[in-house]
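Okay, final.pdb is below, PDB, C-alpha atoms, pLDDT in the B column:
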```pdb
ATOM      1  CA  MET W 300      -6.877 -10.534  -1.579  1.00 62.00           C
ATOM      2  CA  SER W 301      -4.070  -8.286  -2.712  1.00 77.00           C
ATOM      3  CA  LYS W 302      -0.774  -7.975  -0.875  1.00 88.00           C
ATOM      4  CA  ILE W 303      -0.606  -4.163  -1.119  1.00 92.00           C
ATOM      5  CA  PHE W 304      -3.478  -1.791  -0.405  1.00 90.00           C
ATOM      6  CA  LEU W 305      -3.269   1.758  -1.773  1.00 94.00           C
ATOM      7  CA  SER W 306      -5.115   4.163   0.526  1.00 94.00           C
ATOM      8  CA  HIS W 307      -5.801   7.503  -1.119  1.00 94.00           C
ATOM      9  CA  SER W 308      -8.327  10.288  -1.308  1.00 95.00           C
ATOM     10  CA  SER W 309     -10.369  10.445  -4.494  1.00 93.00           C
ATOM     11  CA  ASP W 310      -8.783  13.895  -4.958  1.00 96.00           C
ATOM     12  CA  ASN W 311      -5.523  11.990  -5.549  1.00 96.00           C
ATOM     13  CA  ASN W 312      -6.709   9.367  -8.039  1.00 95.00           C
ATOM     14  CA  ALA W 313      -4.044  10.416 -10.559  1.00 96.00           C
ATOM     15  CA  GLU W 314      -1.254  10.016  -7.996  1.00 97.00           C
ATOM     16  CA  ALA W 315      -2.637   6.616  -6.976  1.00 96.00           C
ATOM     17  CA  LEU W 316      -2.619   5.477 -10.611  1.00 96.00           C
ATOM     18  CA  ALA W 317       0.947   6.744 -11.030  1.00 97.00           C
ATOM     19  CA  LEU W 318       2.144   4.911  -7.920  1.00 97.00           C
ATOM     20  CA  ALA W 319       0.337   1.764  -9.096  1.00 95.00           C
ATOM     21  CA  GLN W 320       2.152   2.064 -12.439  1.00 95.00           C
ATOM     22  CA  TRP W 321       5.472   2.348 -10.594  1.00 96.00           C
ATOM     23  CA  LEU W 322       4.636  -0.667  -8.408  1.00 95.00           C
ATOM     24  CA  LYS W 323       3.892  -2.772 -11.508  1.00 92.00           C
ATOM     25  CA  GLU W 324       7.111  -1.671 -13.190  1.00 93.00           C
ATOM     26  CA  ASN W 325       9.055  -2.789 -10.121  1.00 92.00           C
ATOM     27  CA  GLY W 326       7.459  -6.212  -9.777  1.00 89.00           C
ATOM     28  CA  TRP W 327       4.766  -5.489  -7.190  1.00 89.00           C
ATOM     29  CA  ASP W 328       1.674  -6.026  -9.274  1.00 86.00           C
ATOM     30  CA  ASP W 329      -0.469  -7.587  -6.540  1.00 88.00           C
ATOM     31  CA  TYR W 330      -2.139  -4.469  -5.209  1.00 90.00           C
ATOM     32  CA  PHE W 331      -5.643  -3.186  -4.491  1.00 88.00           C
ATOM     33  CA  LEU W 332      -6.609   0.149  -6.015  1.00 90.00           C
ATOM     34  CA  ASP W 333     -10.300   0.882  -5.665  1.00 88.00           C
ATOM     35  CA  ILE W 334     -10.730   2.691  -9.000  1.00 89.00           C
ATOM     36  CA  GLU W 335      -9.163  -0.026 -11.141  1.00 84.00           C
ATOM     37  CA  PRO W 336     -11.846  -2.403 -12.414  1.00 76.00           C
ATOM     38  CA  THR W 337      -9.780  -5.590 -12.156  1.00 79.00           C
ATOM     39  CA  ARG W 338      -7.953  -4.704  -8.916  1.00 77.00           C
ATOM     40  CA  GLY W 339     -10.522  -2.622  -7.121  1.00 79.00           C
ATOM     41  CA  ILE W 340     -14.217  -2.315  -6.509  1.00 77.00           C
ATOM     42  CA  SER W 341     -16.608  -3.615  -9.148  1.00 78.00           C
ATOM     43  CA  PRO W 342     -20.148  -2.400  -9.764  1.00 79.00           C
ATOM     44  CA  GLY W 343     -22.579  -4.131  -7.443  1.00 82.00           C
ATOM     45  CA  GLU W 344     -20.072  -4.486  -4.613  1.00 80.00           C
ATOM     46  CA  ARG W 345     -20.590  -2.845  -1.254  1.00 85.00           C
ATOM     47  CA  TRP W 346     -17.747  -0.373  -1.497  1.00 82.00           C
ATOM     48  CA  GLN W 347     -17.348   0.201   2.253  1.00 81.00           C
ATOM     49  CA  HIS W 348     -17.129  -3.532   2.898  1.00 84.00           C
ATOM     50  CA  SER W 349     -14.666  -3.999   0.011  1.00 81.00           C
ATOM     51  CA  LEU W 350     -12.364  -1.268   1.321  1.00 78.00           C
ATOM     52  CA  LYS W 351     -12.452  -2.680   4.848  1.00 79.00           C
ATOM     53  CA  GLN W 352     -11.716  -6.217   3.619  1.00 80.00           C
ATOM     54  CA  ALA W 353      -8.862  -5.082   1.388  1.00 79.00           C
ATOM     55  CA  ALA W 354      -7.264  -3.160   4.268  1.00 77.00           C
ATOM     56  CA  GLN W 355      -7.791  -6.100   6.611  1.00 77.00           C
ATOM     57  CA  TYR W 356      -6.366  -8.835   4.374  1.00 79.00           C
ATOM     58  CA  CYS W 357      -3.466  -7.048   2.698  1.00 84.00           C
ATOM     59  CA  GLU W 358       0.093  -7.539   3.908  1.00 88.00           C
ATOM     60  CA  LEU W 359       0.863  -3.836   3.875  1.00 91.00           C
ATOM     61  CA  ILE W 360      -0.857  -0.564   3.215  1.00 92.00           C
ATOM     62  CA  ILE W 361       0.571   2.417   1.369  1.00 95.00           C
ATOM     63  CA  LEU W 362      -0.966   5.697   2.471  1.00 96.00           C
ATOM     64  CA  LEU W 363      -0.816   8.380  -0.222  1.00 97.00           C
ATOM     65  CA  ILE W 364      -0.693  11.286   2.204  1.00 97.00           C
ATOM     66  CA  SER W 365      -2.035  14.663   1.177  1.00 97.00           C
ATOM     67  CA  PRO W 366      -4.262  17.252   2.873  1.00 97.00           C
ATOM     68  CA  ALA W 367      -7.278  15.524   1.283  1.00 97.00           C
ATOM     69  CA  TRP W 368      -6.129  12.140   2.641  1.00 96.00           C
ATOM     70  CA  ARG W 369      -5.614  13.604   6.124  1.00 96.00           C
ATOM     71  CA  ASP W 370      -9.105  15.145   6.085  1.00 96.00           C
ATOM     72  CA  SER W 371     -10.875  11.999   4.852  1.00 95.00           C
ATOM     73  CA  PRO W 372     -12.526   9.903   7.571  1.00 93.00           C
ATOM     74  CA  TRP W 373     -12.425   6.888   5.212  1.00 89.00           C
ATOM     75  CA  CYS W 374      -8.678   7.175   4.658  1.00 92.00           C
ATOM     76  CA  ILE W 375      -8.020   7.456   8.380  1.00 92.00           C
ATOM     77  CA  ALA W 376     -10.302   4.442   8.962  1.00 90.00           C
ATOM     78  CA  GLU W 377      -8.333   2.387   6.384  1.00 88.00           C
ATOM     79  CA  CYS W 378      -5.142   3.233   8.241  1.00 90.00           C
ATOM     80  CA  LEU W 379      -6.659   2.296  11.598  1.00 89.00           C
ATOM     81  CA  VAL W 380      -7.992  -1.036  10.268  1.00 87.00           C
ATOM     82  CA  ALA W 381      -4.537  -1.870   8.937  1.00 87.00           C
ATOM     83  CA  LYS W 382      -2.921  -0.924  12.258  1.00 88.00           C
ATOM     84  CA  LEU W 383      -5.511  -2.926  14.203  1.00 88.00           C
ATOM     85  CA  HIS W 384      -4.636  -6.005  12.132  1.00 88.00           C
ATOM     86  CA  GLY W 385      -0.890  -5.505  12.550  1.00 88.00           C
ATOM     87  CA  LYS W 386      -0.159  -4.553   8.946  1.00 89.00           C
ATOM     88  CA  ARG W 387       2.986  -2.778   7.908  1.00 91.00           C
ATOM     89  CA  ILE W 388       2.225   0.856   7.064  1.00 92.00           C
ATOM     90  CA  PHE W 389       4.071   2.882   4.425  1.00 94.00           C
ATOM     91  CA  GLY W 390       3.174   6.569   4.468  1.00 95.00           C
ATOM     92  CA  VAL W 391       4.205   8.404   1.304  1.00 96.00           C
ATOM     93  CA  LEU W 392       3.893  12.166   1.045  1.00 96.00           C
ATOM     94  CA  ILE W 393       2.418  13.095  -2.336  1.00 97.00           C
ATOM     95  CA  GLU W 394       1.448  16.696  -1.526  1.00 96.00           C
ATOM     96  CA  PRO W 395       2.818  19.178   1.000  1.00 96.00           C
ATOM     97  CA  VAL W 396       1.242  18.594   4.390  1.00 95.00           C
ATOM     98  CA  ALA W 397       2.370  19.623   7.866  1.00 93.00           C
ATOM     99  CA  LEU W 398       3.525  16.494   9.694  1.00 91.00           C
ATOM    100  CA  GLU W 399       2.112  17.759  12.979  1.00 91.00           C
ATOM    101  CA  SER W 400      -1.343  17.831  11.371  1.00 92.00           C
ATOM    102  CA  LEU W 401      -1.233  14.084  10.638  1.00 91.00           C
ATOM    103  CA  PRO W 402      -2.699  11.562  13.056  1.00 88.00           C
ATOM    104  CA  SER W 403      -0.129  10.419  15.600  1.00 87.00           C
ATOM    105  CA  VAL W 404      -0.918   6.797  14.710  1.00 83.00           C
ATOM    106  CA  ILE W 405       1.189   7.441  11.600  1.00 85.00           C
ATOM    107  CA  THR W 406       3.937   9.804  12.684  1.00 86.00           C
ATOM    108  CA  ALA W 407       4.666   8.297  16.108  1.00 85.00           C
ATOM    109  CA  GLU W 408       5.446   4.841  14.785  1.00 84.00           C
ATOM    110  CA  TRP W 409       6.233   4.766  11.062  1.00 86.00           C
ATOM    111  CA  GLN W 410       8.950   6.397   8.975  1.00 90.00           C
ATOM    112  CA  LEU W 411       7.386   8.360   6.122  1.00 94.00           C
ATOM    113  CA  CYS W 412       8.647   8.507   2.552  1.00 95.00           C
ATOM    114  CA  ASP W 413       8.747  11.870   0.789  1.00 96.00           C
ATOM    115  CA  LEU W 414       7.866  11.594  -2.907  1.00 96.00           C
ATOM    116  CA  LEU W 415       7.995  15.386  -3.321  1.00 95.00           C
ATOM    117  CA  GLN W 416      11.509  16.523  -2.440  1.00 93.00           C
ATOM    118  CA  GLY W 417      14.380  15.970  -4.810  1.00 92.00           C
ATOM    119  CA  GLU W 418      15.871  17.610  -7.841  1.00 94.00           C
ATOM    120  CA  LYS W 419      15.369  14.622 -10.093  1.00 96.00           C
ATOM    121  CA  GLN W 420      11.722  13.771 -10.750  1.00 96.00           C
ATOM    122  CA  ARG W 421      10.160  10.770 -12.482  1.00 96.00           C
ATOM    123  CA  SER W 422       7.045  11.543 -14.520  1.00 96.00           C
ATOM    124  CA  PHE W 423       4.122   9.211 -15.138  1.00 96.00           C
ATOM    125  CA  GLN W 424       1.344   9.795 -17.626  1.00 96.00           C
ATOM    126  CA  VAL W 425      -1.897   8.314 -16.327  1.00 95.00           C
ATOM    127  CA  LYS W 426      -5.483   8.144 -17.498  1.00 93.00           C
ATOM    128  CA  HIS W 427      -8.551   6.298 -16.287  1.00 90.00           C
ATOM    129  CA  ASP W 428     -11.611   7.335 -18.216  1.00 86.00           C
ATOM    130  CA  PRO W 429     -13.862   8.910 -16.929  1.00 86.00           C
ATOM    131  CA  VAL W 430     -12.351   9.230 -13.424  1.00 85.00           C
ATOM    132  CA  VAL W 431      -8.931  10.645 -14.353  1.00 92.00           C
ATOM    133  CA  PRO W 432      -8.286  12.565 -17.573  1.00 92.00           C
ATOM    134  CA  THR W 433      -4.819  12.283 -19.099  1.00 94.00           C
ATOM    135  CA  THR W 434      -2.588  13.658 -16.348  1.00 94.00           C
ATOM    136  CA  THR W 435       1.150  13.837 -15.736  1.00 96.00           C
ATOM    137  CA  VAL W 436       2.247  13.056 -12.186  1.00 97.00           C
ATOM    138  CA  SER W 437       5.812  13.490 -10.947  1.00 96.00           C
ATOM    139  CA  PHE W 438       7.478  11.822  -7.977  1.00 97.00           C
ATOM    140  CA  SER W 439      10.954  12.295  -6.587  1.00 97.00           C
ATOM    141  CA  GLU W 440      13.467   9.700  -7.841  1.00 97.00           C
ATOM    142  CA  VAL W 441      15.103   9.701  -4.396  1.00 97.00           C
ATOM    143  CA  GLY W 442      11.740   9.071  -2.733  1.00 96.00           C
ATOM    144  CA  LEU W 443      10.898   6.247  -5.135  1.00 97.00           C
ATOM    145  CA  THR W 444      14.294   4.657  -4.492  1.00 96.00           C
ATOM    146  CA  LYS W 445      13.695   4.804  -0.727  1.00 95.00           C
ATOM    147  CA  LEU W 446      10.221   3.335  -1.159  1.00 95.00           C
ATOM    148  CA  LYS W 447      11.655   0.507  -3.257  1.00 94.00           C
ATOM    149  CA  ILE W 448      14.251  -0.286  -0.593  1.00 93.00           C
ATOM    150  CA  GLY W 449      11.543  -0.316   2.080  1.00 93.00           C
ATOM    151  CA  LEU W 450       9.308  -2.638   0.058  1.00 92.00           C
ATOM    152  CA  GLN W 451      12.235  -4.957  -0.659  1.00 91.00           C
ATOM    153  CA  ARG W 452      13.090  -5.142   3.031  1.00 89.00           C
ATOM    154  CA  VAL W 453       9.521  -6.177   3.835  1.00 85.00           C
ATOM    155  CA  GLY W 454       9.850  -9.063   1.357  1.00 80.00           C
ATOM    156  CA  LEU W 455       6.455  -9.557  -0.206  1.00 69.00           C
ATOM    157  CA  ASP W 456       7.196 -12.604  -2.330  1.00 57.00           C
ATOM    158  CA  SER W 457       8.647 -16.069  -1.891  1.00 51.00           C
ATOM    159  CA  ARG W 458      12.166 -14.945  -2.829  1.00 58.00           C
ATOM    160  CA  TYR W 459      12.348 -13.317   0.588  1.00 55.00           C
ATOM    161  CA  PHE W 460      10.923 -16.099   2.780  1.00 53.00           C
ATOM    162  CA  PRO W 461      13.773 -17.445   4.935  1.00 54.00           C
ATOM    163  CA  TRP W 462      14.222 -21.206   4.726  1.00 55.00           C
ATOM    164  CA  PRO W 463      14.517 -22.876   7.047  1.00 58.00           C
ATOM    165  CA  PRO W 464      12.451 -20.522   9.208  1.00 56.00           C
ATOM    166  CA  PRO W 465      14.550 -18.698  11.831  1.00 59.00           C
ATOM    167  CA  ASP W 466      12.220 -19.818  14.665  1.00 61.00           C
ATOM    168  CA  PRO W 467      13.142 -23.392  15.747  1.00 62.00           C
ATOM    169  CA  ASP W 468       9.521 -24.106  16.693  1.00 61.00           C
ATOM    170  CA  GLU W 469       8.427 -23.383  13.118  1.00 59.00           C
ATOM    171  CA  ARG W 470      11.038 -25.701  11.568  1.00 60.00           C
ATOM    172  CA  ASN W 471       9.606 -28.841  13.125  1.00 66.00           C
ATOM    173  CA  ARG W 472       5.885 -28.097  13.065  1.00 66.00           C
ATOM    174  CA  SER W 473       3.498 -30.284  11.132  1.00 67.00           C
ATOM    175  CA  PRO W 474       2.136 -28.702   7.946  1.00 65.00           C
ATOM    176  CA  TYR W 475      -1.271 -30.171   8.899  1.00 69.00           C
ATOM    177  CA  ARG W 476      -1.627 -28.904  12.473  1.00 68.00           C
ATOM    178  CA  GLY W 477      -5.420 -29.164  12.430  1.00 68.00           C
ATOM    179  CA  LEU W 478      -5.310 -32.933  11.906  1.00 71.00           C
ATOM    180  CA  LYS W 479      -3.546 -33.601  15.203  1.00 67.00           C
ATOM    181  CA  ALA W 480      -6.860 -33.402  17.097  1.00 65.00           C
ATOM    182  CA  LEU W 481      -8.349 -36.090  14.860  1.00 64.00           C
TER     183      LEU W 481
END
```
The structure in this file should be written as structure tokens.
Amino acid sequence: MSKIFLSHSSDNNAEALALAQWLKENGWDDYFLDIEPTRGISPGERWQHSLKQAAQYCELIILLISPAWRDSPWCIAECLVAKLHGKRIFGVLIEPVALESLPSVITAEWQLCDLLQGEKQRSFQVKHDPVVPTTTVSFSEVGLTKLKIGLQRVGLDSRYFPWPPPDPDERNRSPYRGLKAL
């Protein structure tokens, strides 16, 4: 399963593709995006099951928040599955939406990242035939920088695993704990 799950409304497929492009450019290419054939849902798969599994087994979920995302029961369910499984949640605002209209499960606990506000914008040209025609999507450079810092702090790859582990109990544990009973 992928480390990063991109939760978005189908109304925001272009923005999801643009954020996926940015993730790849910055070294986070292990993500799940439902509309991408190699990283998402393939024909013949049970799409509801695939979405639930991806949200359950990822290390973090990025919510592409827009009015369409807020109004989608599936998007809210993806967020709740991730929260239930203790995943880190990154909410990124991709369209104007009143914060008080968002579910409190997001706003009460997690700092959001605004990809709208900022003078300097970064543009991405995306296309995914036939789902997304050639489209230009712009995100705030400041917002992308903040998102990058947040993702780096989470440490999704082995460069960030502390060694030895900070917990003394973990330093001395057997790598084959299941064999002890035998």
**Message:** Using all atoms listed in the file and a cutoff of 6 Å, can you tell me which residues are near (2.5, -5.6, -3.2) in the file's coordinates, and write them out as a VMD selection string?
**Reply:** chain W and resid 302 to 303 327 329 to 330
**Request:** Could you expand the PyMOL selection byres ((chain W and resi 387-398) around 9) into the explicit residues it covers here, written as JSON, numbers by chain?
**Result:** {"W": [311, 314, 358, 359, 360, 361, 362, 363, 364, 365, 366, 369, 378, 381, 382, 385, 386, 399, 400, 401, 402, 405, 406, 409, 410, 411, 412, 413, 414, 415, 438, 442, 446, 449, 450, 453]}
**Message:** Expand the PyMOL selection byres ((chain W and resi 427) around 10) into the explicit residue set it covers here, and present it as a PyMOL selection string.
**Reply:** chain W and resi 312-313+316+334-335+425-426+428-434
**Message:** If I take CA of Ser306 (chain W) and CA of Glu377 (chain W), how far is one from the other in Å, to one decimal?
**Reply:** 6.9 Å
**Asked** Got a sec to resolve the PyMOL selection byres ((chain W and resi 345-355) around 8) on this structure and send the residues as a PyMOL selection string?
**Response** chain W and resi 300-301+304+331+333+340+343-344+356-357+360+377-378+380-381+384
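Rounded to one decimal, CA of Ser422 (chain W) and CA of Ala315 (chain W) lie 13.2 Å from each other.
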**Request:** Tell me, in Å to one decimal, how far CA of Gln424 (chain W) is from CA of Ser437 (chain W).
**Result:**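 Answer for the CA of Gln424 (chain W) to CA of Ser437 (chain W) separation: 8.8 Å.
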**Asked** W:Phe423, W:Ser403, W:Gln451, W:Leu478: which is nearest Ser439 (chain W), counting all atoms listed in the file?
**Response**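 The shortest atom-to-atom distance to Ser439 (chain W) comes from W:Phe423.
Comparing W:Gln320, W:Val436, W:Glu408, W:His307 by their smallest distance to Arg421 (chain W), the closest is W:Val436 (using only C-alpha atoms).
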